[in-house]
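Heads up: the structure comes next, in C-alpha cells.
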Amino acid sequence: MKRISGNIVTPQGVIEEGFVDFEGERILAVGKEADFPSFSGELHRFPGQVVFPGLIDLHLHGWQGYDVTEHQSQGVRALSKLLPSLGVTGFLPTTLTTSWENLLHLLREVAEVKAPAKGARILGLHLEGPYLSPHRAGAHELRFLRLPTPKEIRFLLSYGGGCIKRLTIAPELEGALESIAYLAHQGVLVSLGHSKASYREAQEAFLRGARLVTHLFNGMDPLHHRQPNLLAFALDEREIYAEIIADTVHVREEILRIALSCKGLHHLFPVSDAIKVGGLPDGVYPYSPEPVVLAEGKVVLAKSRMLAGSVCPLSQVLFHLRETTSLSLQELAWMGSTIPAKLLGIDQHLGSIAVGKIADFVIFDSSFRVQGVFISGERVR
C-alpha cells in the first residue's frame, strides 16, 4: 500500500494535512492524517503542497517540437511522455486541418498508439477540422476544409477504429446538422467552433446533440446586440459546456470573469490549445500553413499576425484562473479534471480524488508548479 500526504483537494473540499491511501491503481481511503497517523507502507510526503486529481486536457496539438498532425503516432507517444511534467495525466491529442490522405494515415496510426509506460493517458482523438467555416478558420489551412456528410463521418469513425472521441464542427455548414446528430448517436463528443453560426443554428445543433463549444470567444464572431450568434448562444444556454483558453492572451481576465458569470462553474473549463512551439525558446518556427513567431508567451502566424494556438500549459492556465478570479482549489480541480472526465464519460474512474477511483494525482506548489505526478498509483516524476 502507498500513501500521499499533503493538502488533498477532493470534491467536498480541501483536507489540510490529509492523506490518500492507494494500492495498485485504486484509491482505498482519503482522510485527515491526524485521524490515521499509523502507516507502514510506502509514504510520499508533500507538506504544505496541494494534491490535485491529475489534469485532463481535451484540446492539445503539441509541445516541445512535437505535433499530433505532423508527427502522428510518434508525436502522440512523445506528448504522452512529456505531459506528466506539466501535471497532465490524460489528454485528447488534437489535429489541425490537413489533407484527406494525411488525416486517414493519422487515424490509422493513432488508433494503434498505446500510452508509453508512465505516460499520460491517451483518451482518444479530437478532430479540430476539416469541417470548419472558411470565414473563421483561424490558423487552419483553407484548402483542406470540407463539407460534412453523415456518410463521410461514418467512414472516418470506422476507419479510426473508435479512436475519435471528439469532433469540432461549424454547425452552419451544409450537412452539419445531420452529421452532428449521427456523431452524437455514436457517442462522439460534438463541439461547435470555428464558426459564423447564428444563435438559431447553434441552438439547433445543440438540440441535435452538440454538447460543447470550442475555445469560447476564439474562432467565432464577437457578440453583437442585434445579431445573436454562436457566442451569444454559448453564454445564454446554461446546459451547453464551453472550453476556454484562460492564458490571458486569448481571453483577457475581465472576459474570463464574465464567462464564469454566464456559464457557472459546472459548464466552463480550461484547455491549453497548446501547439508544438510550447516549451521552446522565443523565435520563428516552421508551421503549417505559415511560420509562427513565438515571443513573450504569445505565438502568432508570421504574416497575418493571427493567434496560432497557445504556449501555456494547463497547469499554468489554472494558475492564471487562481490569480484572476475567486475560484477555490476545489473549484479549480473540478474545472481542470472532473468536467473533462465527465464530458468523456470516464468520470466514474478518473477526474477526482475519491475512494474507488484510479490513483492519478498531481502535486502543486502555491504557483501551480509541478512537484510530483502519479499515474495509476505509480510515481512518474
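By order in the C-alpha cells, chains are A, B, ...; within a chain, residues start at 1; ligands start at 1, following the order shown.
For range 29-35 of chain A, the non-local neighbours within 7 Å, defined as residues at least 2 positions apart in the same chain or in other chains and counting only C-alpha atoms, are Ile15, Glu17, Gly18, Phe19, Val20, Asp21, Phe22, Ile27, Pro37, Ala354 and Val355 of chain A.
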Give me, as a Markdown table, each residue of range 285-352 of chain A that comes within 9 Å of range 361-381 of chain A, together with its shortest interatomic pair and the distance in Å at one decimal, counting only C-alpha atoms, with rows ordered by chain and rising residue number.
| residue | atom | partner | partner_atom | distance |
| --- | --- | --- | --- | --- |
| A:Ser315 | CA | A:Phe368 | CA | 6.2 |
| A:Gln316 | CA | A:Phe368 | CA | 6.5 |
| A:Leu318 | CA | A:Phe368 | CA | 7.6 |
| A:Phe319 | CA | A:Phe368 | CA | 5.8 |
| A:Ser352 | CA | A:Phe361 | CA | 8.9 |
Report as a tab-separated table the residues of range 34-62 of chain A within 9 Å of range 3-10 of chain A, each with its shortest atom pair and distance in Å (one decimal), using only C-alpha atoms, ordered by chain and increasing residue number.
residue	atom	partner	partner_atom	distance
A:Phe39	CA	A:Arg3	CA	8.1
A:Gly41	CA	A:Arg3	CA	7.1
A:Glu42	CA	A:Arg3	CA	6.2
A:Leu43	CA	A:Arg3	CA	4.9
A:His44	CA	A:Ile4	CA	4.8
A:Arg45	CA	A:Ser5	CA	4.9
A:Phe46	CA	A:Gly6	CA	4.9
A:Pro47	CA	A:Gly6	CA	5.1
A:Gly48	CA	A:Gly6	CA	6.1
A:Gln49	CA	A:Gly6	CA	5.7
A:Val50	CA	A:Asn7	CA	4.6
A:Val51	CA	A:Ile8	CA	4.8
A:Phe52	CA	A:Val9	CA	5.4
A:Pro53	CA	A:Val9	CA	7.5
Go ahead and write the residues just picked, C-alpha atoms, as a PDB file, in the first residue's frame.
ATOM      1  CA  PHE A  39       1.038   3.759   8.305  1.00  0.00           C
ATOM      2  CA  GLY A  41       3.537   1.258   3.625  1.00  0.00           C
ATOM      3  CA  GLU A  42       5.341   3.430   1.075  1.00  0.00           C
ATOM      4  CA  LEU A  43       4.907   7.055   2.135  1.00  0.00           C
ATOM      5  CA  HIS A  44       5.195  10.146  -0.079  1.00  0.00           C
ATOM      6  CA  ARG A  45       5.044  13.384   1.914  1.00  0.00           C
ATOM      7  CA  PHE A  46       4.304  16.762   0.355  1.00  0.00           C
ATOM      8  CA  PRO A  47       3.919  19.069   3.371  1.00  0.00           C
ATOM      9  CA  GLY A  48       2.170  22.356   2.622  1.00  0.00           C
ATOM     10  CA  GLN A  49       1.562  21.442  -1.003  1.00  0.00           C
ATOM     11  CA  VAL A  50      -1.699  20.607  -2.753  1.00  0.00           C
ATOM     12  CA  VAL A  51      -2.586  17.199  -4.126  1.00  0.00           C
ATOM     13  CA  PHE A  52      -4.876  17.556  -7.165  1.00  0.00           C
ATOM     14  CA  PRO A  53      -6.519  14.916  -9.289  1.00  0.00           C
TER      15      PRO A  53
END
How many Å lie between CA of Tyr241 in chain A and CA of Thr89 in chain A, rounded to one decimal? 21.6 Å
Pick out each residue of range 283-315 of chain A that DSSP on the backbone tags as strand (DSSP E or B); I need them as a PyMOL selection string. chain A and resi 283-285+292-295+298-301+307+310
So that I have them on file, write out the residues from the current selection with C-alpha atoms, as a PDB file, in the first residue's frame.
ATOM      1  CA  GLY A 283      11.914  32.568 -32.090  1.00  0.00           C
ATOM      2  CA  VAL A 284      10.487  31.848 -35.537  1.00  0.00           C
ATOM      3  CA  TYR A 285       9.450  28.246 -36.225  1.00  0.00           C
ATOM      4  CA  VAL A 292       4.915  31.169 -36.451  1.00  0.00           C
ATOM      5  CA  VAL A 293       6.594  33.722 -34.218  1.00  0.00           C
ATOM      6  CA  LEU A 294       6.885  32.913 -30.520  1.00  0.00           C
ATOM      7  CA  ALA A 295       7.632  35.864 -28.247  1.00  0.00           C
ATOM      8  CA  LYS A 298       2.385  34.610 -27.371  1.00  0.00           C
ATOM      9  CA  VAL A 299       2.521  32.788 -30.717  1.00  0.00           C
ATOM     10  CA  VAL A 300       1.228  34.266 -33.982  1.00  0.00           C
ATOM     11  CA  LEU A 301       1.360  33.462 -37.687  1.00  0.00           C
ATOM     12  CA  LEU A 307      -3.024  33.932 -32.969  1.00  0.00           C
ATOM     13  CA  SER A 310      -1.248  28.708 -27.066  1.00  0.00           C
TER      14      SER A 310
END
